[in-house]
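Content type mmCIF, C-alpha atoms and all ligand atoms, from the file protein.cif:
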```
data_query
loop_
_atom_site.label_atom_id
_atom_site.label_comp_id
_atom_site.auth_asym_id
_atom_site.auth_seq_id
_atom_site.Cartn_x
_atom_site.Cartn_y
_atom_site.Cartn_z
CA MET A 1 -34.60 66.78 63.13
CA VAL A 2 -31.08 66.68 61.73
CA THR A 3 -29.64 70.16 61.27
CA SER A 4 -27.99 71.22 58.04
CA ALA A 5 -24.58 71.22 59.72
CA HIS A 6 -24.89 67.44 59.99
CA ARG A 7 -25.91 66.83 56.41
CA MET A 8 -23.63 64.55 54.43
CA GLY A 9 -22.19 66.01 51.25
CA VAL A 10 -22.93 64.01 48.09
CA ALA A 11 -21.22 64.05 44.70
CA LEU A 12 -23.49 62.66 41.98
CA LEU A 13 -21.54 61.60 38.88
CA GLY A 14 -23.86 61.14 35.91
CA ALA A 15 -26.55 63.38 37.45
CA THR A 16 -28.44 63.75 34.15
CA GLY A 17 -28.95 60.01 33.55
CA SER A 18 -31.56 57.50 34.65
CA ILE A 19 -29.88 56.60 37.96
CA GLY A 20 -28.84 60.25 38.37
CA THR A 21 -32.48 61.37 38.12
CA SER A 22 -33.63 58.69 40.59
CA ALA A 23 -30.80 59.69 42.95
CA LEU A 24 -31.90 63.34 42.85
CA ARG A 25 -35.44 62.26 43.81
CA VAL A 26 -33.93 60.41 46.78
CA LEU A 27 -31.83 63.45 47.77
CA GLU A 28 -34.90 65.69 47.49
CA ARG A 29 -36.84 63.49 49.95
CA GLN A 30 -33.81 63.10 52.23
CA ARG A 31 -32.71 66.74 52.22
CA ASP A 32 -32.41 66.77 56.03
CA ARG A 33 -29.72 64.11 55.76
CA PHE A 34 -27.90 64.83 52.48
CA ALA A 35 -26.79 67.84 50.46
CA ALA A 36 -25.85 67.78 46.75
CA VAL A 37 -22.33 69.25 46.70
CA ALA A 38 -21.13 68.22 43.23
CA LEU A 39 -23.00 67.22 40.05
CA THR A 40 -21.56 66.06 36.72
CA ALA A 41 -22.79 65.22 33.22
CA ASN A 42 -21.11 64.03 30.03
CA GLY A 43 -22.31 66.41 27.31
CA ASN A 44 -25.84 67.42 28.31
CA GLN A 45 -25.03 71.02 29.18
CA GLN A 46 -28.68 72.12 29.23
CA ALA A 47 -29.82 69.47 31.70
CA LEU A 48 -26.85 70.22 33.96
CA ALA A 49 -27.61 73.96 33.85
CA GLN A 50 -31.18 73.20 34.98
CA LEU A 51 -29.83 71.11 37.86
CA GLU A 52 -27.54 73.99 38.85
CA ASP A 53 -30.58 76.28 39.12
CA ILE A 54 -32.44 73.79 41.31
CA TRP A 55 -29.62 72.51 43.53
CA SER A 56 -26.96 75.27 43.55
CA PRO A 57 -24.16 72.74 44.14
CA ALA A 58 -20.64 73.95 45.02
CA TYR A 59 -19.18 72.11 42.01
CA LEU A 60 -20.39 71.28 38.50
CA GLY A 61 -18.48 69.24 35.96
CA LEU A 62 -19.06 68.65 32.25
CA VAL A 63 -16.88 65.92 30.73
CA GLN A 64 -17.13 66.80 27.03
CA GLU A 65 -14.84 69.71 26.27
CA ASP A 66 -16.26 70.71 22.88
CA VAL A 67 -19.60 71.84 24.39
CA GLU A 68 -20.14 75.47 25.51
CA ALA A 69 -20.52 75.82 29.27
CA PRO A 70 -20.33 78.50 32.00
CA ALA A 71 -16.75 79.48 32.92
CA HIS A 72 -17.09 78.39 36.57
CA TRP A 73 -17.83 74.73 35.67
CA GLY A 74 -15.14 72.05 35.80
CA ARG A 75 -14.37 70.61 32.33
CA GLY A 76 -13.04 67.39 30.88
CA PRO A 77 -12.69 63.83 32.23
CA THR A 78 -10.76 65.10 35.28
CA SER A 79 -13.90 66.93 36.43
CA LEU A 80 -15.26 63.52 37.54
CA VAL A 81 -12.26 63.08 39.85
CA ALA A 82 -12.54 66.67 41.07
CA ALA A 83 -16.23 66.13 41.96
CA ALA A 84 -15.53 62.78 43.62
CA THR A 85 -12.71 64.16 45.78
CA HIS A 86 -14.32 67.52 46.62
CA PRO A 87 -13.50 68.29 50.30
CA ASP A 88 -17.18 68.76 51.26
CA VAL A 89 -18.16 65.38 49.81
CA GLN A 90 -18.48 62.30 52.01
CA VAL A 91 -20.46 60.07 49.63
CA VAL A 92 -19.97 59.67 45.89
CA ILE A 93 -22.83 58.22 43.86
CA ASN A 94 -21.14 56.95 40.70
CA ALA A 95 -23.91 56.76 38.09
CA VAL A 96 -21.68 57.24 35.05
CA VAL A 97 -22.11 54.61 32.35
CA GLY A 98 -19.09 52.54 31.28
CA ALA A 99 -15.37 52.32 31.99
CA ALA A 100 -15.19 56.15 32.02
CA GLY A 101 -16.18 56.03 35.71
CA LEU A 102 -13.10 54.12 36.88
CA ASP A 103 -10.69 56.94 37.80
CA ALA A 104 -13.34 58.70 39.90
CA THR A 105 -14.26 55.51 41.80
CA LEU A 106 -10.59 54.85 42.60
CA ALA A 107 -9.90 58.49 43.54
CA ALA A 108 -12.93 58.64 45.87
CA LEU A 109 -12.01 55.38 47.61
CA ARG A 110 -8.39 56.51 47.97
CA ALA A 111 -9.67 59.70 49.59
CA GLY A 112 -11.54 57.54 52.13
CA LYS A 113 -15.05 58.32 50.87
CA ARG A 114 -18.06 56.08 50.56
CA VAL A 115 -18.81 55.15 46.95
CA ALA A 116 -22.41 54.21 46.20
CA LEU A 117 -21.69 52.34 42.98
CA ALA A 118 -24.15 52.06 40.11
CA ASN A 119 -21.28 52.10 37.58
CA LYS A 120 -20.77 48.31 37.61
CA GLU A 121 -18.44 48.40 34.57
CA THR A 122 -15.76 49.86 36.88
CA LEU A 123 -15.83 46.84 39.14
CA VAL A 124 -15.84 44.42 36.22
CA MET A 125 -12.87 46.09 34.56
CA ALA A 126 -10.66 46.46 37.63
CA GLY A 127 -12.29 44.45 40.44
CA HIS A 128 -9.17 43.73 42.45
CA LEU A 129 -7.89 47.32 42.26
CA VAL A 130 -11.27 48.77 43.27
CA THR A 131 -11.86 46.36 46.18
CA LYS A 132 -8.29 46.92 47.39
CA ALA A 133 -8.79 50.70 47.33
CA ALA A 134 -12.07 50.22 49.22
CA THR A 135 -10.42 48.39 52.12
CA GLN A 136 -7.10 50.29 52.27
CA PHE A 137 -8.12 53.88 52.87
CA GLY A 138 -11.06 53.72 55.29
CA GLY A 139 -13.71 54.32 52.62
CA ALA A 140 -16.52 51.97 51.64
CA LEU A 141 -17.88 50.49 48.44
CA VAL A 142 -21.65 49.99 48.57
CA PRO A 143 -23.65 48.67 45.60
CA VAL A 144 -26.56 50.54 44.04
CA ASP A 145 -27.38 47.70 41.64
CA SER A 146 -30.67 46.23 42.91
CA GLU A 147 -29.45 42.60 42.94
CA HIS A 148 -26.35 43.45 44.96
CA SER A 149 -28.30 45.70 47.30
CA ALA A 150 -30.62 42.72 47.86
CA ILE A 151 -27.67 40.43 48.65
CA LEU A 152 -26.13 43.04 50.96
CA GLN A 153 -29.46 43.25 52.82
CA CYS A 154 -29.75 39.44 53.07
CA LEU A 155 -26.17 39.14 54.32
CA ALA A 156 -26.55 41.76 57.07
CA GLY A 157 -25.07 40.36 60.27
CA ARG A 158 -23.97 37.03 58.70
CA ARG A 159 -20.44 35.66 58.46
CA PRO A 160 -18.97 34.77 55.03
CA ASP A 161 -18.59 31.08 56.03
CA GLU A 162 -22.36 30.85 56.58
CA VAL A 163 -23.07 31.55 52.89
CA ARG A 164 -23.51 28.61 50.52
CA ARG A 165 -24.65 30.35 47.35
CA LEU A 166 -25.79 33.63 45.86
CA VAL A 167 -28.64 33.57 43.35
CA LEU A 168 -29.04 36.67 41.17
CA THR A 169 -32.45 37.19 39.61
CA ALA A 170 -32.79 38.40 36.01
CA SER A 171 -35.96 39.75 34.43
CA GLY A 172 -34.97 37.97 31.22
CA GLY A 173 -35.33 41.19 29.25
CA PRO A 174 -37.57 41.81 26.23
CA PHE A 175 -36.48 38.62 24.41
CA ARG A 176 -37.06 36.16 27.26
CA SER A 177 -39.52 34.09 25.24
CA TRP A 178 -38.24 34.83 21.69
CA SER A 179 -36.59 32.13 19.58
CA ALA A 180 -32.82 32.43 19.04
CA GLU A 181 -33.45 33.08 15.30
CA ARG A 182 -35.83 35.95 16.04
CA ILE A 183 -33.47 37.43 18.66
CA ALA A 184 -30.61 37.47 16.12
CA GLU A 185 -32.61 39.92 13.96
CA ALA A 186 -33.98 42.09 16.80
CA THR A 187 -34.00 45.83 16.04
CA VAL A 188 -32.79 48.66 18.29
CA ALA A 189 -36.43 49.55 19.05
CA ASP A 190 -37.18 45.92 20.06
CA ALA A 191 -34.14 45.79 22.34
CA LEU A 192 -34.94 49.13 24.01
CA LYS A 193 -38.38 47.90 25.21
CA HIS A 194 -37.50 46.58 28.65
CA PRO A 195 -40.46 44.88 30.39
CA THR A 196 -39.87 45.99 34.02
CA TRP A 197 -37.18 48.72 34.28
CA GLN A 198 -36.78 52.19 32.70
CA MET A 199 -33.03 52.69 32.27
CA GLY A 200 -30.34 54.29 30.10
CA SER A 201 -29.88 52.79 26.63
CA LYS A 202 -26.58 50.95 27.25
CA ILE A 203 -27.82 48.94 30.24
CA THR A 204 -31.15 48.33 28.48
CA ILE A 205 -29.30 46.62 25.59
CA ASP A 206 -27.17 44.75 28.15
CA SER A 207 -30.41 43.51 29.72
CA ALA A 208 -31.62 42.27 26.32
CA THR A 209 -28.39 40.30 25.66
CA LEU A 210 -28.06 39.28 29.37
CA ALA A 211 -24.55 40.83 29.33
CA ASN A 212 -25.89 42.89 32.23
CA LYS A 213 -26.29 39.70 34.29
CA ALA A 214 -22.74 38.61 33.44
CA LEU A 215 -21.45 42.01 34.60
CA GLU A 216 -23.51 41.52 37.77
CA VAL A 217 -22.09 38.04 38.45
CA ILE A 218 -18.56 39.50 38.24
CA GLU A 219 -19.69 42.45 40.37
CA ALA A 220 -21.09 40.04 43.03
CA HIS A 221 -17.86 38.02 43.01
CA HIS A 222 -15.82 41.13 43.84
CA LEU A 223 -18.25 42.74 46.28
CA PHE A 224 -18.98 39.65 48.36
CA GLY A 225 -15.84 37.55 47.79
CA VAL A 226 -17.88 34.53 46.65
CA PRO A 227 -16.30 32.19 44.04
CA TYR A 228 -17.97 31.91 40.63
CA ASP A 229 -19.13 28.32 41.12
CA ARG A 230 -21.29 29.54 44.02
CA ILE A 231 -23.05 32.33 42.11
CA ASP A 232 -26.13 31.34 40.10
CA VAL A 233 -28.62 33.21 37.92
CA VAL A 234 -32.36 32.53 37.68
CA VAL A 235 -34.90 34.26 35.45
CA HIS A 236 -37.70 35.94 37.41
CA PRO A 237 -39.83 38.00 35.00
CA GLN A 238 -41.74 40.05 37.61
CA SER A 239 -38.57 41.67 39.11
CA ILE A 240 -40.04 41.54 42.64
CA ILE A 241 -37.39 39.32 44.22
CA HIS A 242 -34.18 41.23 43.67
CA SER A 243 -31.88 38.29 44.60
CA PHE A 244 -31.47 35.38 47.05
CA VAL A 245 -28.80 34.20 49.46
CA GLU A 246 -28.70 30.51 50.40
CA PHE A 247 -26.99 29.70 53.70
CA VAL A 248 -25.10 26.54 54.71
CA ASP A 249 -28.11 25.17 56.60
CA GLY A 250 -30.27 25.35 53.45
CA SER A 251 -32.20 28.44 54.57
CA VAL A 252 -32.77 30.93 51.72
CA LEU A 253 -33.32 34.66 52.27
CA ALA A 254 -34.69 36.88 49.52
CA GLN A 255 -35.06 40.66 49.38
CA MET A 256 -38.28 41.76 47.69
CA GLY A 257 -40.04 44.92 46.70
CA VAL A 258 -41.72 46.80 43.90
CA PRO A 259 -39.08 47.47 41.20
CA SER A 260 -37.63 50.94 41.87
CA MET A 261 -34.01 52.04 41.97
CA GLU A 262 -34.80 54.62 44.67
CA LEU A 263 -34.66 52.04 47.47
CA PRO A 264 -31.22 50.61 46.56
CA ILE A 265 -29.89 54.15 46.01
CA LEU A 266 -31.12 55.24 49.46
CA TYR A 267 -29.81 52.06 51.11
CA ALA A 268 -26.38 52.63 49.55
CA LEU A 269 -26.35 56.11 51.12
CA THR A 270 -27.48 55.05 54.61
CA TRP A 271 -26.18 51.43 54.87
CA PRO A 272 -26.13 49.71 57.32
CA GLU A 273 -29.00 51.88 58.62
CA ARG A 274 -32.52 51.92 57.21
CA VAL A 275 -34.35 55.22 57.16
CA PRO A 276 -38.00 56.04 56.43
CA ASP A 277 -39.32 57.45 53.17
CA SER A 278 -37.63 55.63 50.32
CA GLY A 279 -40.44 56.68 47.99
CA VAL A 280 -41.12 53.05 47.09
CA PRO A 281 -44.78 51.99 47.14
CA SER A 282 -45.76 49.08 49.40
CA TYR A 283 -45.55 45.62 47.88
CA ASP A 284 -49.02 44.07 47.72
CA PRO A 285 -48.55 40.29 47.20
CA VAL A 286 -52.18 39.63 46.28
CA ALA A 287 -52.41 42.48 43.77
CA GLN A 288 -49.04 41.47 42.31
CA GLY A 289 -50.04 37.83 41.95
CA ALA A 290 -47.78 34.93 41.04
CA LEU A 291 -44.00 35.13 41.16
CA THR A 292 -42.41 32.78 38.63
CA PHE A 293 -38.92 31.46 37.88
CA GLU A 294 -37.27 29.94 34.82
CA ALA A 295 -33.84 28.63 33.88
CA VAL A 296 -31.64 30.87 31.68
CA ARG A 297 -31.70 29.85 27.98
CA HIS A 298 -27.95 29.97 27.48
CA ASP A 299 -28.20 28.98 23.79
CA ALA A 300 -30.27 32.08 23.04
CA PHE A 301 -28.22 34.42 25.29
CA PRO A 302 -24.51 33.57 24.78
CA MET A 303 -23.35 36.86 26.37
CA LEU A 304 -24.09 35.56 29.88
CA GLN A 305 -21.78 32.55 29.72
CA LEU A 306 -19.10 34.50 27.80
CA GLY A 307 -18.99 37.05 30.61
CA ILE A 308 -18.95 34.51 33.42
CA GLU A 309 -16.07 32.69 31.69
CA ALA A 310 -14.19 35.99 31.36
CA GLY A 311 -14.74 36.52 35.09
CA ARG A 312 -13.40 33.05 35.90
CA LEU A 313 -10.32 33.62 33.69
CA GLY A 314 -9.55 36.86 35.52
CA GLY A 315 -6.53 38.99 34.52
CA ALA A 316 -7.52 41.32 31.70
CA ALA A 317 -10.37 39.08 30.47
CA PRO A 318 -13.20 40.89 32.33
CA ALA A 319 -11.85 44.25 31.11
CA VAL A 320 -11.78 42.88 27.54
CA TYR A 321 -15.32 41.54 27.88
CA ASN A 322 -16.59 44.84 29.28
CA ALA A 323 -14.87 47.10 26.73
CA ALA A 324 -15.77 44.86 23.77
CA ASN A 325 -19.38 44.86 24.96
CA GLU A 326 -19.43 48.66 25.34
CA ALA A 327 -18.05 49.09 21.82
CA ALA A 328 -20.40 46.49 20.33
CA VAL A 329 -23.46 47.97 22.03
CA ALA A 330 -22.51 51.44 20.74
CA ARG A 331 -22.25 49.97 17.21
CA PHE A 332 -25.62 48.22 17.57
CA LEU A 333 -27.29 51.43 18.82
CA ASP A 334 -25.77 53.26 15.83
CA GLY A 335 -27.31 50.74 13.44
CA ARG A 336 -23.87 49.40 12.43
CA LEU A 337 -24.22 45.90 13.93
CA ARG A 338 -26.96 43.26 14.06
CA PHE A 339 -28.12 42.18 17.50
CA ALA A 340 -26.42 38.78 17.13
CA GLY A 341 -23.22 40.60 16.14
CA ILE A 342 -22.77 41.88 19.71
CA ALA A 343 -21.93 38.39 21.01
CA ARG A 344 -19.85 37.62 17.90
CA CYS A 345 -17.68 40.71 18.39
CA VAL A 346 -17.24 40.09 22.11
CA ALA A 347 -16.39 36.39 21.64
CA SER A 348 -13.83 37.32 18.99
CA ALA A 349 -12.26 40.01 21.22
CA LEU A 350 -11.98 37.50 24.06
CA GLU A 351 -10.42 34.85 21.80
CA THR A 352 -7.75 37.30 20.71
CA LEU A 353 -7.14 39.35 23.87
CA ALA A 354 -8.35 37.51 27.00
CA ASP A 355 -4.94 36.25 28.08
CA ARG A 356 -3.35 39.69 28.20
CA PRO A 357 -1.96 40.69 31.62
CA GLY A 358 -4.31 42.62 33.92
CA HIS A 359 -2.43 43.31 37.15
CA THR A 360 -2.02 47.07 36.89
CA LEU A 361 -4.32 49.90 35.87
CA ASP A 362 -2.11 50.55 32.81
CA GLU A 363 -2.43 46.92 31.68
CA LEU A 364 -6.19 46.98 32.17
CA GLN A 365 -6.56 50.25 30.29
CA ALA A 366 -4.43 48.88 27.43
CA ALA A 367 -6.63 45.75 27.28
CA ASP A 368 -9.74 47.96 27.31
CA GLN A 369 -8.41 50.02 24.37
CA ALA A 370 -7.33 46.92 22.41
CA ALA A 371 -10.81 45.41 22.84
CA ARG A 372 -12.52 48.58 21.59
CA LEU A 373 -10.27 48.66 18.49
CA HIS A 374 -10.88 44.95 17.90
CA VAL A 375 -14.65 45.47 17.87
CA GLN A 376 -14.39 48.56 15.67
CA ASP A 377 -12.53 46.53 13.02
CA HIS A 378 -14.60 43.35 13.35
CA PRO A 379 -16.90 42.53 10.40
CA GLY A 380 -19.69 41.78 12.89
CA GLU A 381 -20.78 38.59 11.14
P1 LIG B 401 -27.75 56.84 31.47
O1 LIG B 401 -27.26 56.67 30.09
O2 LIG B 401 -29.19 57.13 31.68
O3 LIG B 401 -26.93 58.00 32.19
C1 LIG B 401 -25.53 58.06 32.15
C2 LIG B 401 -25.03 59.29 32.87
O4 LIG B 401 -23.60 59.31 32.80
C3 LIG B 401 -25.49 60.59 32.27
O5 LIG B 401 -25.51 61.58 33.27
C4 LIG B 401 -24.39 60.90 31.24
O6 LIG B 401 -24.29 62.29 30.96
C5 LIG B 401 -23.17 60.41 31.99
N1 LIG B 401 -22.12 59.89 31.11
C6 LIG B 401 -22.27 59.13 30.00
N2 LIG B 401 -21.07 58.83 29.46
C7 LIG B 401 -20.15 59.45 30.23
C8 LIG B 401 -18.74 59.56 30.16
N3 LIG B 401 -18.02 58.97 29.18
N4 LIG B 401 -18.10 60.27 31.11
C9 LIG B 401 -18.82 60.86 32.10
N5 LIG B 401 -20.14 60.81 32.21
C10 LIG B 401 -20.81 60.09 31.29
O7 LIG B 401 -27.31 55.51 32.27
P2 LIG B 401 -27.99 54.86 33.55
O8 LIG B 401 -28.32 55.91 34.55
O9 LIG B 401 -29.05 53.93 33.13
O10 LIG B 401 -26.80 53.94 34.09
C11 LIG B 401 -25.70 54.48 34.79
C12 LIG B 401 -24.90 53.34 35.42
O11 LIG B 401 -25.74 52.70 36.39
C13 LIG B 401 -24.49 52.24 34.43
O12 LIG B 401 -23.26 51.71 34.82
C14 LIG B 401 -25.58 51.18 34.61
O13 LIG B 401 -25.11 49.89 34.30
C15 LIG B 401 -25.86 51.31 36.10
N6 LIG B 401 -27.18 50.86 36.52
C16 LIG B 401 -28.31 51.46 36.03
C17 LIG B 401 -29.57 51.05 36.42
C18 LIG B 401 -30.79 51.78 35.95
O14 LIG B 401 -31.88 51.49 36.45
N7 LIG B 401 -30.69 52.72 35.04
C19 LIG B 401 -29.74 49.92 37.35
C20 LIG B 401 -28.50 49.38 37.84
C21 LIG B 401 -27.27 49.84 37.44
P3 LIG B 401 -25.12 63.01 29.74
O15 LIG B 401 -26.56 63.04 30.18
O16 LIG B 401 -24.52 64.35 29.65
O17 LIG B 401 -24.91 62.15 28.53
MG MG B 402 -29.15 45.08 38.30
#
```
Could you take the file, read its structure, and then write that structure out as structure tokens?
Amino acid sequence: MVTSAHRMGVALLGATGSIGTSALRVLERQRDRFAAVALTANGNQQALAQLEDIWSPAYLGLVQEDVEAPAHWGRGPTSLVAAATHPDVQVVINAVVGAAGLDATLAALRAGKRVALANKETLVMAGHLVTKAATQFGGALVPVDSEHSAILQCLAGRRPDEVRRLVLTASGGPFRSWSAERIAEATVADALKHPTWQMGSKITIDSATLANKALEVIEAHHLFGVPYDRIDVVVHPQSIIHSFVEFVDGSVLAQMGVPSMELPILYALTWPERVPDSGVPSYDPVAQGALTFEAVRHDAFPMLQLGIEAGRLGGAAPAVYNAANEAAVARFLDGRLRFAGIARCVASALETLADRPGHTLDELQAADQAARLHVQDHPGE
């Protein structure tokens, strides 16, 4: 039995969200190994207060400043950095949604901590800065995203020159078999009905447009140092195979399991070790039945190719793609943009802004802001 003195301190950014809730279930089962030291939320004061009662963490942070909160809580966007760099924290689970998570990821890595990263937008926006911070200060960047966790597991013990190709699987989302015309008119309710995963609303819309897969291709490029022409995407509606790695001898390894984010969250905390009790039910191949695969219908899902091209361009283009997508998804969720307008807005932002410089954090943040303004002013048609 591990004593409490040996427990690793965890900061959970975005504790009130979908990944945050799954992460707390993991921490509950693994309480001999991990202690929740810091928890943050955006504006959901009530949910965070409930978590304080249950977990009694040393630090709580609420990002929105116009919401009433107890005097001892940290406030404002800097509370994410304060949680991530808390002296009793060794591992930061970044489960914030969107570019808002970037400063905390960089601060945690610069403080030499492990970052278990669900917040993929951070890596898309500033991939080279984040990966540099991960190698420079003795910390580690470990993916929570199920596809990247799968690849990390398949790559264990292998050298980079043994890898021929990464293949990310995609569920295909709720519109996998819809015609392009029908998809163009999809409602918010249609787009929020994901077939295999229960997630926050932003990533659920990203899964319906396949922007999520584009973000994941860029994420894989940065995490594993594999060029874009050796990263492929295949549709796999059952979400049992979480991704494949093909090696130079033609051998293909896949990581499989019942869809649950609790396993990749736990693996990100304990990597490279495996520990018992992930909470994931056994995979029963006979009960599950057939596993199927399809090619991506790029004509019906233009956001995938747009994002991969932004990744290939590099510079500020991925930051523009990410920010334009965030702004367009927010507009769609607000009922101020048709589903097809998401890709229109993002394509237009890229046409206008993709060749901006993106070397420094300031340049990337300026590109991010310009893309958000561009989408706000775009007619959407
Ligand atoms: P949710 O919307 O469910 O949760 C987001 C969390 O972040 C909430 O705690 C929210 O607080 C907080 N938050 C939102 N905006 C801000 C902000 N501007 N600043 C600080 N905190 C903020 O999202 P998910 O849990 O679904 O996703 C989180 C991240 O994980 C995303 O990057 C997503 O792409 C990624 N991911 C998610 C998966 C999933 O299964 N859900 C799978 C793989 C990756 P509050 O409750 O107060 O609003
Ligand atoms: Mg994923």
Please report the interatomic distance between CA of Arg29 in chain A and CA of Ala15 in chain A in Å with one decimal. 16.2 Å
6 Å contact set for range 306-322 of chain A, all atoms listed in the file, chain neighbours under 2 positions out, as a PyMOL selection string: chain A and resi 124-125+214+218+303-304+324-325+354+356-358+364+367-368+371
Pick from A:Asp145, A:Glu246, A:Glu65, A:Asp161 nearest to ligand LIG 401 (chain B), counting only C-alpha atoms and all ligand atoms: A:Asp145
Straight-line distance linking CA of Ala100 in chain A with CA of Thr40 in chain A, stated in Å to one decimal: 12.7 Å
Ligand LIG 401 (chain B): which residues are within 7 Å, counting only C-alpha atoms and all ligand atoms, as an NGL selection string? :A and (13-20 or 40-45 or 63 or 77 or 95-98 or 100-101 or 118-121 or 144-146 or 197-203 or 261)
With distances taken over all atoms listed in the file, the candidate from A:Arg297, A:Arg114, A:Arg274, A:Arg336 nearest Thr85 in chain A is A:Arg114
